[in-house]
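query28.csv (CSV, C-alpha atoms)
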```csv
chain,number,residue,atom,x,y,z
A,1,MET,CA,13.7,1.7,-10.3
A,2,ARG,CA,11.4,4.7,-10.2
A,3,ILE,CA,8.5,4.1,-7.8
A,4,VAL,CA,5.5,6.3,-7.2
A,5,ILE,CA,3.7,6.0,-3.9
A,6,ALA,CA,0.2,7.2,-3.3
A,7,GLY,CA,-0.3,8.5,0.2
A,8,GLY,CA,3.3,9.4,0.4
A,9,HIS,CA,3.1,11.1,3.8
A,10,GLY,CA,1.6,8.0,5.5
A,11,GLN,CA,3.5,6.3,8.3
A,12,ILE,CA,4.3,3.2,6.2
A,13,ALA,CA,5.0,5.2,3.1
A,14,LEU,CA,7.6,7.4,4.7
A,15,ARG,CA,9.4,4.4,6.0
A,16,LEU,CA,9.2,2.8,2.5
A,17,GLU,CA,10.5,5.9,0.9
A,18,ARG,CA,13.6,6.0,3.2
A,19,LEU,CA,14.4,2.3,2.4
A,20,LEU,CA,14.0,2.7,-1.3
A,21,ALA,CA,16.0,6.0,-1.5
A,22,LYS,CA,18.7,4.5,0.7
A,23,ARG,CA,19.2,1.6,-1.8
A,24,GLY,CA,19.3,4.1,-4.8
A,25,ASP,CA,15.8,3.9,-6.2
A,26,GLU,CA,14.1,7.1,-7.4
A,27,VAL,CA,11.0,7.6,-5.3
A,28,ALA,CA,8.1,10.0,-5.7
A,29,GLY,CA,5.3,10.3,-3.1
A,30,ILE,CA,1.9,11.8,-3.9
A,31,VAL,CA,0.7,14.0,-1.1
A,32,ARG,CA,-2.4,16.1,-0.6
A,33,ARG,CA,-0.9,19.1,1.2
A,34,PRO,CA,2.1,21.2,0.2
A,35,GLU,CA,3.3,21.5,3.8
A,36,GLN,CA,3.9,17.7,3.8
A,37,ALA,CA,6.6,18.0,1.2
A,38,GLY,CA,9.5,18.6,3.7
A,39,ASP,CA,9.0,15.3,5.3
A,40,LEU,CA,9.2,13.5,2.0
A,41,LEU,CA,12.3,15.4,1.0
A,42,ALA,CA,13.9,14.4,4.3
A,43,ALA,CA,13.0,10.8,3.5
A,44,GLY,CA,14.7,11.0,0.1
A,45,ALA,CA,11.6,11.2,-1.9
A,46,GLU,CA,10.3,13.7,-4.5
A,47,PRO,CA,7.0,15.2,-3.2
A,48,VAL,CA,4.2,15.4,-5.7
A,49,VAL,CA,1.2,17.5,-4.6
A,50,CYS,CA,-2.0,15.9,-6.0
A,51,ASP,CA,-5.4,15.4,-4.3
A,52,LEU,CA,-6.5,11.9,-5.2
A,53,GLU,CA,-10.1,12.8,-4.1
A,54,SER,CA,-10.4,15.4,-6.8
A,55,ALA,CA,-7.8,14.7,-9.5
A,56,SER,CA,-8.6,13.1,-12.8
A,57,VAL,CA,-7.1,9.9,-14.1
A,58,GLU,CA,-5.1,12.0,-16.6
A,59,ASP,CA,-3.7,14.2,-13.8
A,60,VAL,CA,-2.5,11.2,-11.8
A,61,ALA,CA,-1.2,9.3,-14.9
A,62,ARG,CA,1.1,12.2,-15.7
A,63,HIS,CA,2.8,11.7,-12.3
A,64,LEU,CA,3.2,7.9,-13.1
A,65,GLU,CA,4.8,8.3,-16.5
A,66,GLY,CA,8.1,6.5,-16.6
A,67,ALA,CA,7.6,4.7,-13.3
A,68,ASP,CA,8.6,1.0,-12.9
A,69,ALA,CA,6.1,0.4,-10.1
A,70,ALA,CA,3.3,2.0,-8.1
A,71,VAL,CA,2.4,1.5,-4.5
A,72,PHE,CA,-1.0,2.5,-3.1
A,73,ALA,CA,-0.4,3.5,0.6
A,74,ALA,CA,-3.1,6.2,0.9
A,75,GLY,CA,-5.8,6.1,3.5
A,76,ALA,CA,-8.3,8.5,5.0
A,77,GLY,CA,-6.7,8.0,8.3
A,78,PRO,CA,-7.9,8.2,11.9
A,79,GLY,CA,-10.5,10.8,12.6
A,80,SER,CA,-12.1,10.5,9.2
A,81,GLY,CA,-15.7,9.5,8.8
A,82,THR,CA,-17.4,6.7,6.8
A,83,GLU,CA,-17.7,9.0,3.7
A,84,ARG,CA,-14.0,9.5,3.4
A,85,LYS,CA,-13.3,5.8,3.9
A,86,ASP,CA,-15.1,5.4,0.6
A,87,THR,CA,-13.6,8.3,-1.3
A,88,VAL,CA,-10.0,7.6,-0.2
A,89,ASP,CA,-9.7,3.9,0.7
A,90,ARG,CA,-11.8,2.7,-2.2
A,91,ALA,CA,-12.3,5.4,-4.9
A,92,ALA,CA,-8.7,6.8,-4.7
A,93,ALA,CA,-7.3,3.3,-5.0
A,94,ALA,CA,-9.4,2.7,-8.2
A,95,LEU,CA,-8.3,6.1,-9.6
A,96,PHE,CA,-4.6,5.2,-8.9
A,97,ALA,CA,-5.1,1.9,-10.6
A,98,ASP,CA,-6.7,3.5,-13.6
A,99,ALA,CA,-3.8,6.0,-13.8
A,100,ALA,CA,-1.2,3.2,-13.6
A,101,GLU,CA,-2.9,1.4,-16.4
A,102,ALA,CA,-3.1,4.6,-18.5
A,103,ALA,CA,0.6,5.3,-17.9
A,104,GLY,CA,1.6,1.7,-18.6
A,105,VAL,CA,2.9,1.0,-15.1
A,106,ARG,CA,2.2,-2.7,-14.6
A,107,ARG,CA,3.7,-3.5,-11.2
A,108,PHE,CA,1.2,-2.4,-8.6
A,109,LEU,CA,1.3,-3.0,-4.8
A,110,VAL,CA,-1.5,-2.3,-2.4
A,111,ILE,CA,-1.3,-1.9,1.4
A,112,SER,CA,-4.6,-3.3,2.5
A,113,SER,CA,-5.9,-4.5,5.8
A,114,MET,CA,-6.4,-7.9,7.5
A,115,GLY,CA,-10.2,-8.6,7.6
A,116,ALA,CA,-10.9,-6.8,4.3
A,117,ASP,CA,-11.9,-10.1,2.6
A,118,ARG,CA,-15.1,-10.6,4.7
A,119,GLU,CA,-18.1,-8.7,6.1
A,120,PRO,CA,-17.1,-7.1,9.4
A,121,PRO,CA,-18.4,-8.9,12.5
A,122,GLU,CA,-21.6,-7.7,14.1
A,123,GLY,CA,-20.8,-5.0,16.6
A,124,THR,CA,-17.8,-3.6,14.7
A,125,ASP,CA,-17.4,0.1,15.1
A,126,PRO,CA,-19.3,1.6,12.1
A,127,VAL,CA,-16.4,3.7,10.8
A,128,PHE,CA,-14.0,0.8,11.0
A,129,ALA,CA,-16.5,-1.4,9.3
A,130,ALA,CA,-16.8,1.1,6.5
A,131,TYR,CA,-13.0,1.1,6.3
A,132,LEU,CA,-12.8,-2.7,6.0
A,133,ARG,CA,-15.5,-2.7,3.3
A,134,ALA,CA,-13.8,0.1,1.4
A,135,LYS,CA,-10.5,-1.8,1.5
A,136,GLY,CA,-12.2,-5.0,0.4
A,137,ALA,CA,-13.9,-3.3,-2.5
A,138,ALA,CA,-10.6,-1.7,-3.6
A,139,ASP,CA,-8.8,-5.1,-3.4
A,140,ALA,CA,-11.5,-6.7,-5.5
A,141,ASP,CA,-11.2,-3.9,-8.1
A,142,VAL,CA,-7.4,-4.3,-8.4
A,143,ARG,CA,-7.6,-8.0,-8.6
A,144,SER,CA,-10.0,-7.7,-11.6
A,145,ARG,CA,-7.5,-5.7,-13.7
A,146,ALA,CA,-5.6,-7.7,-16.3
A,147,GLY,CA,-3.4,-4.6,-17.0
A,148,LEU,CA,-1.8,-4.7,-13.6
A,149,ASP,CA,0.8,-7.1,-12.1
A,150,TRP,CA,-0.6,-6.6,-8.6
A,151,THR,CA,0.3,-7.8,-5.1
A,152,ILE,CA,-1.9,-7.0,-2.1
A,153,LEU,CA,-0.4,-7.0,1.3
A,154,ARG,CA,-2.7,-7.2,4.4
A,155,PRO,CA,-0.8,-6.4,7.6
A,156,GLY,CA,-2.1,-7.2,11.1
A,157,ARG,CA,-2.4,-4.6,13.8
A,158,LEU,CA,0.2,-1.9,13.1
A,159,THR,CA,2.6,-0.8,15.8
A,160,ASP,CA,5.3,1.9,15.9
A,161,GLY,CA,7.9,-0.1,17.8
A,162,PRO,CA,11.2,-0.8,16.0
A,163,GLY,CA,11.2,-3.4,13.4
A,164,THR,CA,12.6,-6.8,14.2
A,165,GLY,CA,13.2,-7.9,10.6
A,166,LEU,CA,11.3,-11.1,11.4
A,167,VAL,CA,7.8,-11.8,10.1
A,168,THR,CA,5.2,-14.4,9.2
A,169,LEU,CA,4.0,-14.0,5.6
A,170,ALA,CA,1.4,-16.3,4.1
A,171,ASP,CA,-2.0,-16.4,2.3
A,172,ALA,CA,-3.5,-16.6,5.8
A,173,THR,CA,-1.5,-15.9,9.0
A,174,GLY,CA,-4.1,-15.4,11.7
A,175,ARG,CA,-4.3,-12.3,13.8
A,176,GLY,CA,-1.2,-10.6,15.2
A,177,ASP,CA,0.8,-7.3,15.5
A,178,ILE,CA,3.4,-6.1,13.0
A,179,PRO,CA,5.7,-3.0,13.3
A,180,ARG,CA,5.3,-0.5,10.4
A,181,ASP,CA,9.1,-0.8,9.9
A,182,ASP,CA,8.6,-4.5,9.0
A,183,VAL,CA,5.7,-3.7,6.7
A,184,ALA,CA,7.9,-1.3,4.7
A,185,ALA,CA,10.8,-3.8,4.6
A,186,THR,CA,8.4,-6.5,3.3
A,187,LEU,CA,7.1,-4.1,0.6
A,188,VAL,CA,10.6,-3.6,-0.7
A,189,GLU,CA,11.1,-7.3,-1.0
A,190,LEU,CA,7.8,-7.8,-2.7
A,191,LEU,CA,8.6,-5.1,-5.3
A,192,ASP,CA,11.7,-7.2,-6.3
A,193,GLU,CA,9.9,-10.5,-6.4
A,194,PRO,CA,7.7,-11.0,-9.6
A,195,ARG,CA,6.6,-14.4,-8.3
A,196,THR,CA,4.4,-12.7,-5.8
A,197,ILE,CA,2.3,-11.1,-8.6
A,198,GLY,CA,-1.4,-12.1,-8.3
A,199,ARG,CA,-1.0,-12.9,-4.6
A,200,THR,CA,-2.9,-11.5,-1.6
A,201,LEU,CA,-0.8,-12.0,1.4
A,202,GLU,CA,-1.2,-11.5,5.2
A,203,LEU,CA,1.7,-10.2,7.3
A,204,ILE,CA,2.3,-10.4,11.1
A,205,GLY,CA,5.3,-10.5,13.3
A,206,GLY,CA,7.1,-13.9,13.3
A,207,ASP,CA,10.5,-15.6,13.3
A,208,VAL,CA,11.5,-15.6,9.6
A,209,PRO,CA,13.7,-12.9,8.1
A,210,VAL,CA,11.8,-10.7,5.7
A,211,ALA,CA,13.7,-11.7,2.6
A,212,ASP,CA,13.4,-15.4,3.4
A,213,ALA,CA,9.7,-15.0,4.1
A,214,VAL,CA,9.0,-13.4,0.7
A,215,GLY,CA,11.2,-16.0,-1.0
A,216,THR,CA,9.4,-18.9,0.6
A,217,VAL,CA,6.0,-17.4,-0.4
A,218,ALA,CA,7.2,-16.8,-3.9
A,219,ALA,CA,8.4,-20.4,-4.3
A,220,HIS,CA,4.9,-21.8,-3.5
```
Rewritten as structure tokens:
Amino acid sequence: MRIVIAGGHGQIALRLERLLAKRGDEVAGIVRRPEQAGDLLAAGAEPVVCDLESASVEDVARHLEGADAAVFAAGAGPGSGTERKDTVDRAAAALFADAAEAAGVRRFLVISSMGADREPPEGTDPVFAAYLRAKGAADADVRSRAGLDWTILRPGRLTDGPGTGLVTLADATGRGDIPRDDVAATLVELLDEPRTIGRTLELIGGDVPVADAVGTVAAH
């Protein structure tokens, strides 16, 4: 497959690029800064420099032409304010979805966030609350698109420890931690499983091998 990843320099995206390249897929990662290209090349991905906060739908659609799937893994990241939560986590997701539709790329995966489906609790840090609202709005936008075969993955609290290969994947899992390695491995399995189209799934650490967890969800 040819897979294009928005936010190609993100911590989950780089892990996903390595896994996809290792199994022989053709991977392109969209990055904002040219100096990020070397990390993508080292991961086995083709770097595509394109700023999703200023690009047009047509610009992004050109990078998606011929792809079999698109993955939205972009985010404003730590240290960004409420404004960029909206321009990246919401608006860039909508732009990428518009571009996928324009390029005829139906398979569309989104890395979202647990808690994005409800109003943040009172007392939530304002920037984090803006992030959750932006992710929720982006998810709602993607879900509304008949032109996309979407799957939305909402991981729990992300950690950098080594992956265990064991997860809990369900419509609702409850709170928990999940290594970024295992998020990337789950995304690979979701790309290959069309029965997860139209599903919004939560992911935390667990005791079920990733492939089995995806297969079980797909069967129900």
Query raised in the report: What is the distance between atom CA of A:Leu191 and atom CA of A:Arg107, in Å to one decimal?
Result: 7.8 Å
Requested in this report: Excluding A:Gln11 and any residue of its chain fewer than 2 positions from it, enumerate the residues within 12 Å of it, using all atoms listed in the file, and give them as a PyMOL selection string.
Outcome: chain A and resi 7-9+13-18+39-40+43+73-75+77+111+158-160+179-184
Query raised in the report: Counting all atoms listed in the file, what is within 12 Å of stretch 50-61 of chain A, bar same-chain residues fewer than 3 positions away, as an NGL selection string?
Result: :A and (4-8 or 28-34 or 36-37 or 47 or 64-67 or 70 or 72-76 or 83-105)
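Between atom CA of A:Ile204 and atom CA of A:Ala146 there is a distance of 28.6 Å.
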Do you know which residues are at most 10 Å from stretch 197-199 of chain A counting all atoms listed in the file, after dropping those on the same chain fewer than 4 positions away, and could you put them as a PDB file with C-alpha atoms, in the coordinates of the input?
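selection.pdb, freshly written:
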```pdb
ATOM      1  CA  ARG A 107       3.700  -3.500 -11.200  1.00  0.00           C
ATOM      2  CA  PHE A 108       1.200  -2.400  -8.600  1.00  0.00           C
ATOM      3  CA  LEU A 109       1.300  -3.000  -4.800  1.00  0.00           C
ATOM      4  CA  VAL A 142      -7.400  -4.300  -8.400  1.00  0.00           C
ATOM      5  CA  ARG A 143      -7.600  -8.000  -8.600  1.00  0.00           C
ATOM      6  CA  LEU A 148      -1.800  -4.700 -13.600  1.00  0.00           C
ATOM      7  CA  ASP A 149       0.800  -7.100 -12.100  1.00  0.00           C
ATOM      8  CA  TRP A 150      -0.600  -6.600  -8.600  1.00  0.00           C
ATOM      9  CA  THR A 151       0.300  -7.800  -5.100  1.00  0.00           C
ATOM     10  CA  ILE A 152      -1.900  -7.000  -2.100  1.00  0.00           C
ATOM     11  CA  LEU A 153      -0.400  -7.000   1.300  1.00  0.00           C
ATOM     12  CA  ALA A 170       1.400 -16.300   4.100  1.00  0.00           C
ATOM     13  CA  ASP A 171      -2.000 -16.400   2.300  1.00  0.00           C
ATOM     14  CA  LEU A 190       7.800  -7.800  -2.700  1.00  0.00           C
ATOM     15  CA  LEU A 191       8.600  -5.100  -5.300  1.00  0.00           C
ATOM     16  CA  GLU A 193       9.900 -10.500  -6.400  1.00  0.00           C
ATOM     17  CA  VAL A 217       6.000 -17.400  -0.400  1.00  0.00           C
ATOM     18  CA  ALA A 218       7.200 -16.800  -3.900  1.00  0.00           C
TER      19      ALA A 218
END
```
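Our summary of the geometry notes that atom CA of A:Pro194 is positioned 19.6 Å from atom CA of A:Gly24.
Every protein or nucleic acid residue with an atom no more than 12 Å from A:Ala211, counting all atoms listed in the file and leaving out same-chain residues fewer than 3 positions away, appears here: Gly165, Leu166, Val167, Thr168, Leu169, Asp182, Ala185, Thr186, Leu187, Val188, Glu189, Leu190, Leu191, Asp192, Glu193, Asp207, Val208, Val214, Gly215, Thr216, Val217 and Ala218 of chain A.
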Some atoms are absent from stretch 99-117 of chain A, so rebuild N, CA and C atoms and return them as an mmCIF file, in the coordinates of the input.
```
data_model
loop_
_atom_site.group_PDB
_atom_site.id
_atom_site.type_symbol
_atom_site.label_atom_id
_atom_site.label_comp_id
_atom_site.auth_asym_id
_atom_site.auth_seq_id
_atom_site.Cartn_x
_atom_site.Cartn_y
_atom_site.Cartn_z
ATOM 1 N N ALA A 99 -4.963 5.156 -13.321
ATOM 2 C CA ALA A 99 -3.800 6.000 -13.800
ATOM 3 C C ALA A 99 -2.623 5.129 -14.100
ATOM 4 N N ALA A 100 -2.376 4.105 -13.285
ATOM 5 C CA ALA A 100 -1.200 3.200 -13.600
ATOM 6 C C ALA A 100 -1.437 2.513 -14.895
ATOM 7 N N GLU A 101 -2.639 2.034 -15.149
ATOM 8 C CA GLU A 101 -2.900 1.400 -16.400
ATOM 9 C C GLU A 101 -2.725 2.370 -17.587
ATOM 10 N N ALA A 102 -3.224 3.597 -17.396
ATOM 11 C CA ALA A 102 -3.100 4.600 -18.500
ATOM 12 C C ALA A 102 -1.659 4.960 -18.735
ATOM 13 N N ALA A 103 -0.821 4.931 -17.691
ATOM 14 C CA ALA A 103 0.600 5.300 -17.900
ATOM 15 C C ALA A 103 1.457 4.078 -18.226
ATOM 16 N N GLY A 104 0.837 2.904 -18.283
ATOM 17 C CA GLY A 104 1.600 1.700 -18.600
ATOM 18 C C GLY A 104 2.466 1.168 -17.528
ATOM 19 N N VAL A 105 2.105 1.463 -16.272
ATOM 20 C CA VAL A 105 2.900 1.000 -15.100
ATOM 21 C C VAL A 105 2.195 -0.320 -14.646
ATOM 22 N N ARG A 106 2.831 -1.443 -14.871
ATOM 23 C CA ARG A 106 2.200 -2.700 -14.600
ATOM 24 C C ARG A 106 2.328 -3.140 -13.099
ATOM 25 N N ARG A 107 3.528 -2.965 -12.531
ATOM 26 C CA ARG A 107 3.700 -3.500 -11.200
ATOM 27 C C ARG A 107 3.008 -2.563 -10.183
ATOM 28 N N PHE A 108 2.146 -3.153 -9.369
ATOM 29 C CA PHE A 108 1.200 -2.400 -8.600
ATOM 30 C C PHE A 108 1.032 -3.073 -7.213
ATOM 31 N N LEU A 109 1.495 -2.426 -6.156
ATOM 32 C CA LEU A 109 1.300 -3.000 -4.800
ATOM 33 C C LEU A 109 0.306 -2.193 -4.021
ATOM 34 N N VAL A 110 -0.447 -2.902 -3.215
ATOM 35 C CA VAL A 110 -1.500 -2.300 -2.400
ATOM 36 C C VAL A 110 -1.251 -2.649 -0.931
ATOM 37 N N ILE A 111 -1.269 -1.637 -0.055
ATOM 38 C CA ILE A 111 -1.300 -1.900 1.400
ATOM 39 C C ILE A 111 -2.770 -1.954 1.780
ATOM 40 N N SER A 112 -3.237 -3.125 2.114
ATOM 41 C CA SER A 112 -4.600 -3.300 2.500
ATOM 42 C C SER A 112 -4.743 -3.533 3.976
ATOM 43 N N SER A 113 -5.709 -4.315 4.391
ATOM 44 C CA SER A 113 -5.900 -4.500 5.800
ATOM 45 C C SER A 113 -6.406 -5.953 6.052
ATOM 46 N N MET A 114 -5.904 -6.578 7.089
ATOM 47 C CA MET A 114 -6.400 -7.900 7.500
ATOM 48 C C MET A 114 -7.935 -7.721 7.808
ATOM 49 N N GLY A 115 -8.741 -8.658 7.347
ATOM 50 C CA GLY A 115 -10.200 -8.600 7.600
ATOM 51 C C GLY A 115 -10.946 -7.936 6.437
ATOM 52 N N ALA A 116 -10.220 -7.465 5.401
ATOM 53 C CA ALA A 116 -10.900 -6.800 4.300
ATOM 54 C C ALA A 116 -11.579 -7.785 3.340
ATOM 55 N N ASP A 117 -11.369 -9.077 3.552
ATOM 56 C CA ASP A 117 -11.900 -10.100 2.600
ATOM 57 C C ASP A 117 -13.272 -10.628 3.110
#
```
